[in-house]
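Chemist: One structure is given below, represented as structure tokens, and several questions about it will come after.
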Amino acid sequence: VLILGIESSCDETAAAVVKNGKEVLSNVISSQVALHAEFGGVVPEIASRNHLEKIDEVIRLAMDEAGKSFSELTAVAVTYGPGLVGSLLVGVSEAKALAYAIQKPLIPVHHIEGHIAANYLAHQDCVPPYVCLVASGGHSHLLYVEDYGKIKIYGRTRDDAAGEAFDKIARAVGLGYPGGPKLEQSAKEGDPFAYHFPKAKLDTPYDFSFSGVKSAVLNELNHKKMLGEEIRVADLCASFQEGVCEDLAEKCLQLALDLGVSKMAVAGGVSANGCLRRKMEEKAKAHGLSFYCPSPVLCTDNAAMIAAAAYYDYQAGKRGEASLNAYPSLALTEG
Ligand code: ATP
Ligand code: MG
Ligand code: FE
């Protein structure tokens, strides 16, 4: 089974060819980071226009690198939500046209199911059932992956997503965009225990809330500015990262223990963060659990993960119609 995956939900134009849901034959990513940097975040209109300019070339490169022709493909898969509507529409329209032209089935993929499937590319033994933390720019979900395509949501964020919090803090301390990687870099020079930011107290065990810690960091920043005191950005970053990653890792471990599963995984852009990966690995190890995380390039948006997720949908008989639309706030379906 040879699947071409297409991803354009946010600011990465990506195409990849994956064999049997496991073997990445090509993984082409055209990032628009430089285009959006001067605005401090993704500008939707600029994003969709750039997808339109790049998508044909990105697909051609993915096919060339894989050394495959369109006729050898089994199916064409595409992210149809959630994401920016204009961006999603570029990928969806392209995938529909291509699938029709080459007379191959079309497989619509949920972006978050794509992030989850990134672990199947790297780890042959990451097999359901397991607990998965998805921490990305728009989501912070604690999931029980009972089987392929069978997910139960145990926790989510009440406000900001983890990646969103990283991005907002990075911008506030002047690190710019994209915030997550820059904040992690700065944190390397800082003391993670210089500040103790409050952890949100919630009445549900697996939910998250990051707006409180965000406000605490911003207050500290403004307070120091007002007093004209020196701001140790690295300490702020390290302390923020420590608190958020500890919370994410601890709740994921707790869910795995409560459900009695032997494996836990992490996916999504924030799973590229070394502090989070380390914490999750340590906690898993301490309790005799296996831990899985994608290689860094497969943590953030890419199309290999979309093709990987599509493999299981393909086996299950899921197909997209020519009338397939883009759904900016597509919900994750629980099965
Ligand atoms: P979603 O997947 O929820 O639709 P998205 O596709 O925009 O959102 P991803 O590409 O999965 O998000 O991840 C991007 C997010 O990951 C950004 O918020 C970014 O700051 C964060 N991120 C990337 N690398 C790191 C890192 N090393 N440390 C912390 N955060 C990171
Ligand atoms: Mg992105
Ligand atoms: Fe994403």
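Ligands are numbered from 1 in the order shown, residues from 1 within each chain, and chains are lettered A, B, ... in the order they appear in the structure tokens.
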Sorted by chain and rising residue number, which residues of chain A lie within 8 Å of ligand 3, and what are their closest atom pairs and distances in Å to one decimal, counting only C-alpha atoms and all ligand atoms, as a tab-separated table?

Modeler:
residue	atom	partner	partner_atom_place_in_ligand_line	distance
A:Ser9	CA	ligand 3	1 (Fe)	7.6
A:Cys10	CA	ligand 3	1 (Fe)	7.5
A:His111	CA	ligand 3	1 (Fe)	6.5
A:Ile112	CA	ligand 3	1 (Fe)	6.8
A:His115	CA	ligand 3	1 (Fe)	6.6
A:Ser136	CA	ligand 3	1 (Fe)	5.9
A:Gly137	CA	ligand 3	1 (Fe)	6.5
A:Gly138	CA	ligand 3	1 (Fe)	7.4
A:Gly268	CA	ligand 3	1 (Fe)	5.9
A:Gly269	CA	ligand 3	1 (Fe)	6.4
A:Thr300	CA	ligand 3	1 (Fe)	5.9
A:Asp301	CA	ligand 3	1 (Fe)	4.8

Chemist: Give me a file of those residues, with C-alpha atoms, as a JSON list (two decimals), in the first residue's frame.

Modeler:
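So the final result, stored in result_22.json, reads:
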[["chain", "number", "residue", "atom", "x", "y", "z"],
["A", 9, "SER", "CA", -3.61, 22.93, 7.53],
["A", 10, "CYS", "CA", -1.47, 25.76, 8.87],
["A", 111, "HIS", "CA", -4.86, 16.45, 11.47],
["A", 112, "ILE", "CA", -4.60, 15.27, 15.08],
["A", 115, "HIS", "CA", 0.05, 13.70, 14.68],
["A", 136, "SER", "CA", 0.59, 21.18, 19.60],
["A", 137, "GLY", "CA", -0.09, 24.73, 18.53],
["A", 138, "GLY", "CA", -3.84, 24.32, 18.77],
["A", 268, "GLY", "CA", 2.38, 17.20, 18.17],
["A", 269, "GLY", "CA", 4.76, 20.16, 17.82],
["A", 300, "THR", "CA", 5.69, 19.33, 13.90],
["A", 301, "ASP", "CA", 3.44, 19.43, 10.84]]

Chemist: Quick one: residues within 10 Å of A:Gly174, only C-alpha atoms counted, chain neighbours fewer than 6 positions away excluded, as a PyMOL selection string?

Modeler: chain A and resi 168+183+233

Chemist: Residues of the last selection are to be written out with C-alpha atoms, as a tab-separated table (two decimals), in the first residue's frame.

Modeler:
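Okay, again39.tsv is ready:
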chain	number	residue	atom	x	y	z
A	168	LYS	CA	2.82	33.71	23.57
A	183	LEU	CA	11.96	29.40	24.15
A	233	VAL	CA	14.70	35.91	30.21

Chemist: Extract, using only C-alpha atoms, all DNA, RNA and protein residues at most 7 Å from stretch 3-5 of chain A, discarding same-chain residues fewer than 6 positions from it, and format them as an NGL selection string.

Modeler: :A and (15-19 or 73-78 or 303-304 or 306-307)

Chemist: Can I get the selection written as an mmCIF file, in the first residue's frame, with C-alpha atoms?

Modeler:
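Dumped to part09.cif:
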data_model
loop_
_atom_site.group_PDB
_atom_site.id
_atom_site.type_symbol
_atom_site.label_atom_id
_atom_site.label_comp_id
_atom_site.auth_asym_id
_atom_site.auth_seq_id
_atom_site.Cartn_x
_atom_site.Cartn_y
_atom_site.Cartn_z
ATOM 1 C CA ALA A 15 3.725 16.056 0.812
ATOM 2 C CA ALA A 16 5.079 12.587 1.550
ATOM 3 C CA VAL A 17 4.992 9.066 0.206
ATOM 4 C CA VAL A 18 4.661 6.302 2.803
ATOM 5 C CA LYS A 19 4.673 2.556 2.232
ATOM 6 C CA LEU A 73 0.051 4.996 -5.733
ATOM 7 C CA THR A 74 -2.687 3.145 -3.870
ATOM 8 C CA ALA A 75 -4.412 6.301 -2.629
ATOM 9 C CA VAL A 76 -4.120 10.040 -2.022
ATOM 10 C CA ALA A 77 -4.606 11.255 1.564
ATOM 11 C CA VAL A 78 -5.190 14.791 2.738
ATOM 12 C CA ALA A 303 2.634 14.874 5.488
ATOM 13 C CA ALA A 304 4.271 11.551 6.348
ATOM 14 C CA ILE A 306 -0.974 12.084 7.350
ATOM 15 C CA ALA A 307 -0.086 9.207 5.006
#

Chemist: Using only C-alpha atoms and all ligand atoms, which residues of the polymer chains come no farther than 12 Å from ligand 2? I'd like the answer as a ChimeraX atom specification.

Modeler: /A:7-14,29-37,41-44,47,83-84,87,136-138,163-164,167,177-181,268-270,297-302

Chemist: Once you have the residues from the selection above, write them out as a short mmCIF file (atom, residue, chain, number, x, y, z; two decimals), in the first residue's frame, restricted to N, CA and C atoms.

Modeler:
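Writing the result to again.cif gives the following:
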data_model
loop_
_atom_site.label_atom_id
_atom_site.label_comp_id
_atom_site.auth_asym_id
_atom_site.auth_seq_id
_atom_site.Cartn_x
_atom_site.Cartn_y
_atom_site.Cartn_z
N GLU A 7 -0.49 17.76 3.28
CA GLU A 7 -0.81 18.50 4.50
C GLU A 7 -0.64 19.99 4.25
N SER A 8 -1.68 20.77 4.54
CA SER A 8 -1.59 22.23 4.38
C SER A 8 -2.49 22.95 5.38
N SER A 9 -2.62 22.38 6.60
CA SER A 9 -3.61 22.93 7.53
C SER A 9 -3.21 24.26 8.15
N CYS A 10 -1.90 24.52 8.21
CA CYS A 10 -1.47 25.76 8.87
C CYS A 10 -0.45 26.47 7.99
N ASP A 11 0.81 26.45 8.36
CA ASP A 11 1.80 27.18 7.58
C ASP A 11 2.92 26.30 7.03
N GLU A 12 2.68 24.99 6.97
CA GLU A 12 3.62 24.11 6.30
C GLU A 12 2.91 23.50 5.09
N THR A 13 3.54 23.61 3.92
CA THR A 13 3.02 22.90 2.74
C THR A 13 3.83 21.62 2.68
N ALA A 14 3.15 20.47 2.78
CA ALA A 14 3.91 19.23 2.88
C ALA A 14 3.28 18.10 2.07
N ILE A 29 8.77 19.11 3.19
CA ILE A 29 8.08 20.14 3.96
C ILE A 29 8.58 21.51 3.53
N SER A 30 7.66 22.35 3.06
CA SER A 30 8.02 23.72 2.74
C SER A 30 7.42 24.60 3.83
N SER A 31 8.29 25.14 4.68
CA SER A 31 7.81 25.93 5.81
C SER A 31 7.70 27.40 5.44
N GLN A 32 6.65 28.05 5.94
CA GLN A 32 6.45 29.47 5.67
C GLN A 32 6.91 30.34 6.82
N VAL A 33 7.64 29.73 7.76
CA VAL A 33 8.03 30.44 8.98
C VAL A 33 8.60 31.84 8.70
N ALA A 34 9.50 31.92 7.72
CA ALA A 34 10.15 33.21 7.43
C ALA A 34 9.13 34.26 6.96
N LEU A 35 8.10 33.80 6.22
CA LEU A 35 7.10 34.74 5.71
C LEU A 35 6.26 35.36 6.81
N HIS A 36 6.01 34.56 7.86
CA HIS A 36 5.13 35.03 8.93
C HIS A 36 5.87 35.68 10.09
N ALA A 37 7.20 35.47 10.13
CA ALA A 37 7.99 35.92 11.28
C ALA A 37 7.81 37.42 11.55
N GLY A 41 3.35 35.87 13.94
CA GLY A 41 2.42 34.74 13.97
C GLY A 41 1.92 34.48 12.56
N VAL A 42 1.14 33.41 12.42
CA VAL A 42 0.68 33.03 11.08
C VAL A 42 -0.43 33.97 10.60
N VAL A 43 -0.26 34.56 9.42
CA VAL A 43 -1.29 35.39 8.80
C VAL A 43 -2.04 34.50 7.81
N PRO A 44 -3.31 34.17 8.10
CA PRO A 44 -4.03 33.19 7.30
C PRO A 44 -4.03 33.45 5.80
N ALA A 47 -0.77 32.67 4.32
CA ALA A 47 -0.55 31.22 4.36
C ALA A 47 -1.23 30.53 3.19
N GLY A 83 -7.94 23.29 11.15
CA GLY A 83 -6.87 24.18 10.71
C GLY A 83 -7.47 25.46 10.14
N LEU A 84 -6.65 26.19 9.42
CA LEU A 84 -7.11 27.44 8.80
C LEU A 84 -7.87 27.08 7.53
N SER A 87 -6.14 27.63 4.12
CA SER A 87 -4.99 26.73 3.99
C SER A 87 -5.46 25.31 3.70
N SER A 136 0.21 20.49 20.84
CA SER A 136 0.59 21.18 19.60
C SER A 136 0.20 22.64 19.69
N GLY A 137 0.22 23.31 18.54
CA GLY A 137 -0.09 24.73 18.53
C GLY A 137 -1.55 25.03 18.85
N GLY A 138 -2.42 24.09 18.55
CA GLY A 138 -3.84 24.32 18.77
C GLY A 138 -4.52 23.32 19.69
N GLY A 163 1.39 24.58 23.02
CA GLY A 163 2.24 25.26 22.05
C GLY A 163 1.92 26.75 21.95
N GLU A 164 0.63 27.05 22.07
CA GLU A 164 0.17 28.44 22.04
C GLU A 164 0.77 29.21 23.21
N ASP A 167 4.36 29.90 22.51
CA ASP A 167 4.48 30.96 21.51
C ASP A 167 4.20 32.34 22.11
N TYR A 177 9.04 34.76 16.73
CA TYR A 177 8.28 33.64 16.21
C TYR A 177 9.17 32.79 15.31
N PRO A 178 9.10 31.48 15.31
CA PRO A 178 8.20 30.65 16.12
C PRO A 178 8.72 30.47 17.54
N GLY A 179 7.84 30.57 18.48
CA GLY A 179 8.23 30.69 19.87
C GLY A 179 8.75 29.43 20.54
N GLY A 180 8.12 28.30 20.28
CA GLY A 180 8.46 27.07 21.00
C GLY A 180 9.94 26.74 20.97
N PRO A 181 10.52 26.56 19.79
CA PRO A 181 11.94 26.20 19.71
C PRO A 181 12.85 27.28 20.30
N GLY A 268 2.69 15.79 18.35
CA GLY A 268 2.38 17.20 18.17
C GLY A 268 3.64 18.05 18.33
N GLY A 269 3.58 19.28 17.85
CA GLY A 269 4.76 20.16 17.82
C GLY A 269 5.53 20.26 19.12
N VAL A 270 4.82 20.33 20.26
CA VAL A 270 5.49 20.50 21.54
C VAL A 270 6.28 19.24 21.94
N VAL A 297 11.51 15.92 13.45
CA VAL A 297 10.90 16.43 12.21
C VAL A 297 9.47 15.90 12.03
N LEU A 298 9.16 14.78 12.67
CA LEU A 298 7.81 14.24 12.57
C LEU A 298 6.89 14.73 13.69
N CYS A 299 7.44 15.54 14.61
CA CYS A 299 6.61 16.10 15.69
C CYS A 299 5.77 17.26 15.16
N THR A 300 6.42 18.18 14.46
CA THR A 300 5.69 19.33 13.90
C THR A 300 5.02 18.90 12.59
N ASP A 301 4.27 19.81 11.98
CA ASP A 301 3.44 19.43 10.84
C ASP A 301 4.24 18.85 9.68
N ASN A 302 3.76 17.74 9.16
CA ASN A 302 4.39 17.06 8.02
C ASN A 302 3.32 16.20 7.36
#

Chemist: Taking the DSSP assignment computed from this structure's backbone, write out as a short mmCIF file (atom, residue, chain, number, x, y, z; two decimals) with N, CA and C atoms, in the first residue's frame all residues of stretch 116-159 of chain A that belong to strand (DSSP E or B).

Modeler:
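Output file result_8.cif follows:
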data_model
loop_
_atom_site.label_atom_id
_atom_site.label_comp_id
_atom_site.auth_asym_id
_atom_site.auth_seq_id
_atom_site.Cartn_x
_atom_site.Cartn_y
_atom_site.Cartn_z
N TYR A 130 -2.68 2.30 24.03
CA TYR A 130 -1.73 3.13 24.77
C TYR A 130 -2.34 4.49 25.05
N VAL A 131 -1.67 5.25 25.92
CA VAL A 131 -2.12 6.59 26.24
C VAL A 131 -1.26 7.56 25.46
N CYS A 132 -1.88 8.58 24.85
CA CYS A 132 -1.12 9.54 24.06
C CYS A 132 -1.43 10.97 24.45
N LEU A 133 -0.38 11.73 24.69
CA LEU A 133 -0.51 13.16 24.90
C LEU A 133 -0.27 13.85 23.57
N VAL A 134 -1.24 14.62 23.10
CA VAL A 134 -1.03 15.42 21.89
C VAL A 134 -0.91 16.88 22.32
N ALA A 135 0.28 17.43 22.17
CA ALA A 135 0.52 18.83 22.56
C ALA A 135 1.04 19.57 21.34
N SER A 140 -4.18 20.43 23.21
CA SER A 140 -3.52 19.72 24.31
C SER A 140 -4.51 18.67 24.76
N HIS A 141 -4.38 17.48 24.21
CA HIS A 141 -5.33 16.40 24.46
C HIS A 141 -4.64 15.25 25.15
N LEU A 142 -5.33 14.66 26.11
CA LEU A 142 -4.87 13.40 26.69
C LEU A 142 -5.82 12.32 26.19
N LEU A 143 -5.26 11.37 25.46
CA LEU A 143 -6.09 10.41 24.76
C LEU A 143 -5.78 8.97 25.15
N TYR A 144 -6.79 8.16 25.08
CA TYR A 144 -6.60 6.72 25.16
C TYR A 144 -6.79 6.19 23.74
N VAL A 145 -5.72 5.69 23.17
CA VAL A 145 -5.81 5.11 21.82
C VAL A 145 -6.04 3.62 22.02
N GLU A 146 -7.30 3.24 21.90
CA GLU A 146 -7.66 1.85 22.19
C GLU A 146 -7.28 0.95 21.02
N ASP A 147 -7.47 1.50 19.81
CA ASP A 147 -7.12 0.77 18.59
C ASP A 147 -6.93 1.82 17.50
N LYS A 150 -9.67 4.27 16.92
CA LYS A 150 -10.57 4.18 18.07
C LYS A 150 -9.94 4.91 19.25
N ILE A 151 -10.43 6.15 19.45
CA ILE A 151 -9.80 7.04 20.41
C ILE A 151 -10.82 7.50 21.44
N LYS A 152 -10.35 7.66 22.69
CA LYS A 152 -11.22 8.25 23.70
C LYS A 152 -10.49 9.44 24.31
N ILE A 153 -11.18 10.57 24.41
CA ILE A 153 -10.55 11.78 24.96
C ILE A 153 -10.78 11.83 26.47
N TYR A 154 -9.70 11.83 27.23
CA TYR A 154 -9.80 11.91 28.69
C TYR A 154 -9.54 13.31 29.22
N GLY A 155 -8.72 14.08 28.49
CA GLY A 155 -8.41 15.42 28.98
C GLY A 155 -8.15 16.36 27.83
N THR A 157 -7.39 20.97 27.04
CA THR A 157 -7.10 22.24 27.68
C THR A 157 -8.39 23.05 27.81
#

Chemist: Based on the backbone DSSP call, show me all residues of stretch 91-291 of chain A assigned alpha helix (DSSP H), as a PyMOL selection string.

Modeler: chain A and resi 91-102+111-122+162-172+179-187+211-227+233-259+274-286

Chemist: Export, as a tab-separated table (two decimals), in the first residue's frame, the selected residues with C-alpha atoms.

Modeler:
chain	number	residue	atom	x	y	z
A	91	GLY	CA	-4.68	20.80	0.12
A	92	VAL	CA	-8.20	19.41	-0.12
A	93	SER	CA	-8.79	20.83	-3.62
A	94	GLU	CA	-5.40	19.62	-4.80
A	95	ALA	CA	-5.94	16.12	-3.39
A	96	LYS	CA	-9.43	15.83	-4.87
A	97	ALA	CA	-8.23	16.93	-8.31
A	98	LEU	CA	-5.23	14.61	-8.20
A	99	ALA	CA	-7.18	11.58	-6.96
A	100	TYR	CA	-9.76	12.13	-9.70
A	101	ALA	CA	-7.14	12.62	-12.39
A	102	ILE	CA	-5.22	9.46	-11.51
A	111	HIS	CA	-4.86	16.45	11.47
A	112	ILE	CA	-4.60	15.27	15.08
A	113	GLU	CA	-4.98	11.62	14.07
A	114	GLY	CA	-2.06	12.42	11.78
A	115	HIS	CA	0.05	13.70	14.68
A	116	ILE	CA	-0.78	10.52	16.62
A	117	ALA	CA	0.24	8.32	13.68
A	118	ALA	CA	3.71	9.92	13.58
A	119	ASN	CA	4.71	7.41	16.26
A	120	TYR	CA	3.80	4.48	14.01
A	121	LEU	CA	6.46	5.64	11.56
A	122	ALA	CA	9.27	5.56	14.07
A	162	ALA	CA	0.53	24.12	25.26
A	163	GLY	CA	2.24	25.26	22.05
A	164	GLU	CA	0.17	28.44	22.04
A	165	ALA	CA	1.39	29.19	25.56
A	166	PHE	CA	5.03	28.65	24.49
A	167	ASP	CA	4.48	30.96	21.51
A	168	LYS	CA	2.82	33.71	23.57
A	169	ILE	CA	5.50	33.71	26.27
A	170	ALA	CA	8.27	33.69	23.67
A	171	ARG	CA	6.72	36.70	21.98
A	172	ALA	CA	6.27	38.54	25.30
A	179	GLY	CA	8.23	30.69	19.87
A	180	GLY	CA	8.46	27.07	21.00
A	181	PRO	CA	11.94	26.20	19.71
A	182	LYS	CA	13.33	29.65	20.64
A	183	LEU	CA	11.96	29.40	24.15
A	184	GLU	CA	13.52	25.96	24.57
A	185	GLN	CA	16.85	27.34	23.35
A	186	SER	CA	16.76	30.23	25.79
A	187	ALA	CA	15.70	27.92	28.65
A	211	SER	CA	-3.65	30.75	30.83
A	212	GLY	CA	-2.82	31.11	34.55
A	213	VAL	CA	0.88	30.38	34.18
A	214	LYS	CA	0.94	32.61	31.11
A	215	SER	CA	-0.52	35.51	33.11
A	216	ALA	CA	1.92	34.84	35.97
A	217	VAL	CA	4.89	35.07	33.60
A	218	LEU	CA	3.52	38.24	31.99
A	219	ASN	CA	2.88	39.79	35.41
A	220	GLU	CA	6.41	39.03	36.52
A	221	LEU	CA	7.71	40.55	33.31
A	222	ASN	CA	5.65	43.73	33.68
A	223	HIS	CA	6.51	44.03	37.36
A	224	LYS	CA	10.25	43.87	36.62
A	225	LYS	CA	9.87	46.37	33.79
A	226	MET	CA	7.97	48.78	36.01
A	227	LEU	CA	10.63	48.62	38.70
A	233	VAL	CA	14.70	35.91	30.21
A	234	ALA	CA	16.44	32.53	30.33
A	235	ASP	CA	15.27	31.94	33.92
A	236	LEU	CA	11.70	32.92	33.02
A	237	CYS	CA	11.76	30.58	30.03
A	238	ALA	CA	13.31	27.69	31.95
A	239	SER	CA	10.86	28.02	34.83
A	240	PHE	CA	7.86	28.29	32.53
A	241	GLN	CA	9.00	25.28	30.51
A	242	GLU	CA	9.66	23.26	33.66
A	243	GLY	CA	6.18	23.90	35.05
A	244	VAL	CA	4.27	23.25	31.83
A	245	CYS	CA	6.23	20.11	30.90
A	246	GLU	CA	5.95	18.68	34.40
A	247	ASP	CA	2.18	19.15	34.30
A	248	LEU	CA	1.84	17.58	30.84
A	249	ALA	CA	4.07	14.62	31.66
A	250	GLU	CA	2.58	13.98	35.10
A	251	LYS	CA	-1.02	13.90	33.87
A	252	CYS	CA	-0.12	11.62	30.97
A	253	LEU	CA	1.59	9.18	33.34
A	254	GLN	CA	-1.39	9.34	35.72
A	255	LEU	CA	-3.82	8.42	32.93
A	256	ALA	CA	-1.63	5.52	31.82
A	257	LEU	CA	-1.49	4.24	35.42
A	258	ASP	CA	-5.22	4.76	35.98
A	259	LEU	CA	-6.11	2.87	32.79
A	274	GLY	CA	13.60	18.06	24.97
A	275	CYS	CA	12.43	18.87	28.49
A	276	LEU	CA	9.03	17.28	27.85
A	277	ARG	CA	10.54	14.22	26.16
A	278	ARG	CA	12.97	13.70	29.03
A	279	LYS	CA	10.33	14.05	31.71
A	280	MET	CA	7.95	11.65	29.99
A	281	GLU	CA	10.66	9.12	29.39
A	282	GLU	CA	11.83	9.27	33.03
A	283	LYS	CA	8.32	8.92	34.40
A	284	ALA	CA	7.50	6.04	32.08
A	285	LYS	CA	10.72	4.27	33.00
A	286	ALA	CA	10.15	4.72	36.73

Chemist: With distances taken over only C-alpha atoms and all ligand atoms, which of A:Tyr80, A:Tyr311, A:Phe70, A:Tyr195 is nearest to ligand 1?

Modeler: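 Using only C-alpha atoms and all ligand atoms, the shortest distance to ligand 1 belongs to A:Tyr80.
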
Chemist: With distances taken over only C-alpha atoms, which residue among A:Leu106, A:Ile231, A:Leu88, A:Val266 lies nearest A:Tyr314?

Modeler: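 That would be A:Leu106, the residue with the smallest distance to A:Tyr314.
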
Chemist: Of the candidates A:Ala316, A:Lys201, A:Thr79, A:Ser271, which one gets nearest to A:Cys293 if we count only C-alpha atoms?

Modeler: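 Selected residue with least distance to A:Cys293: A:Ser271.
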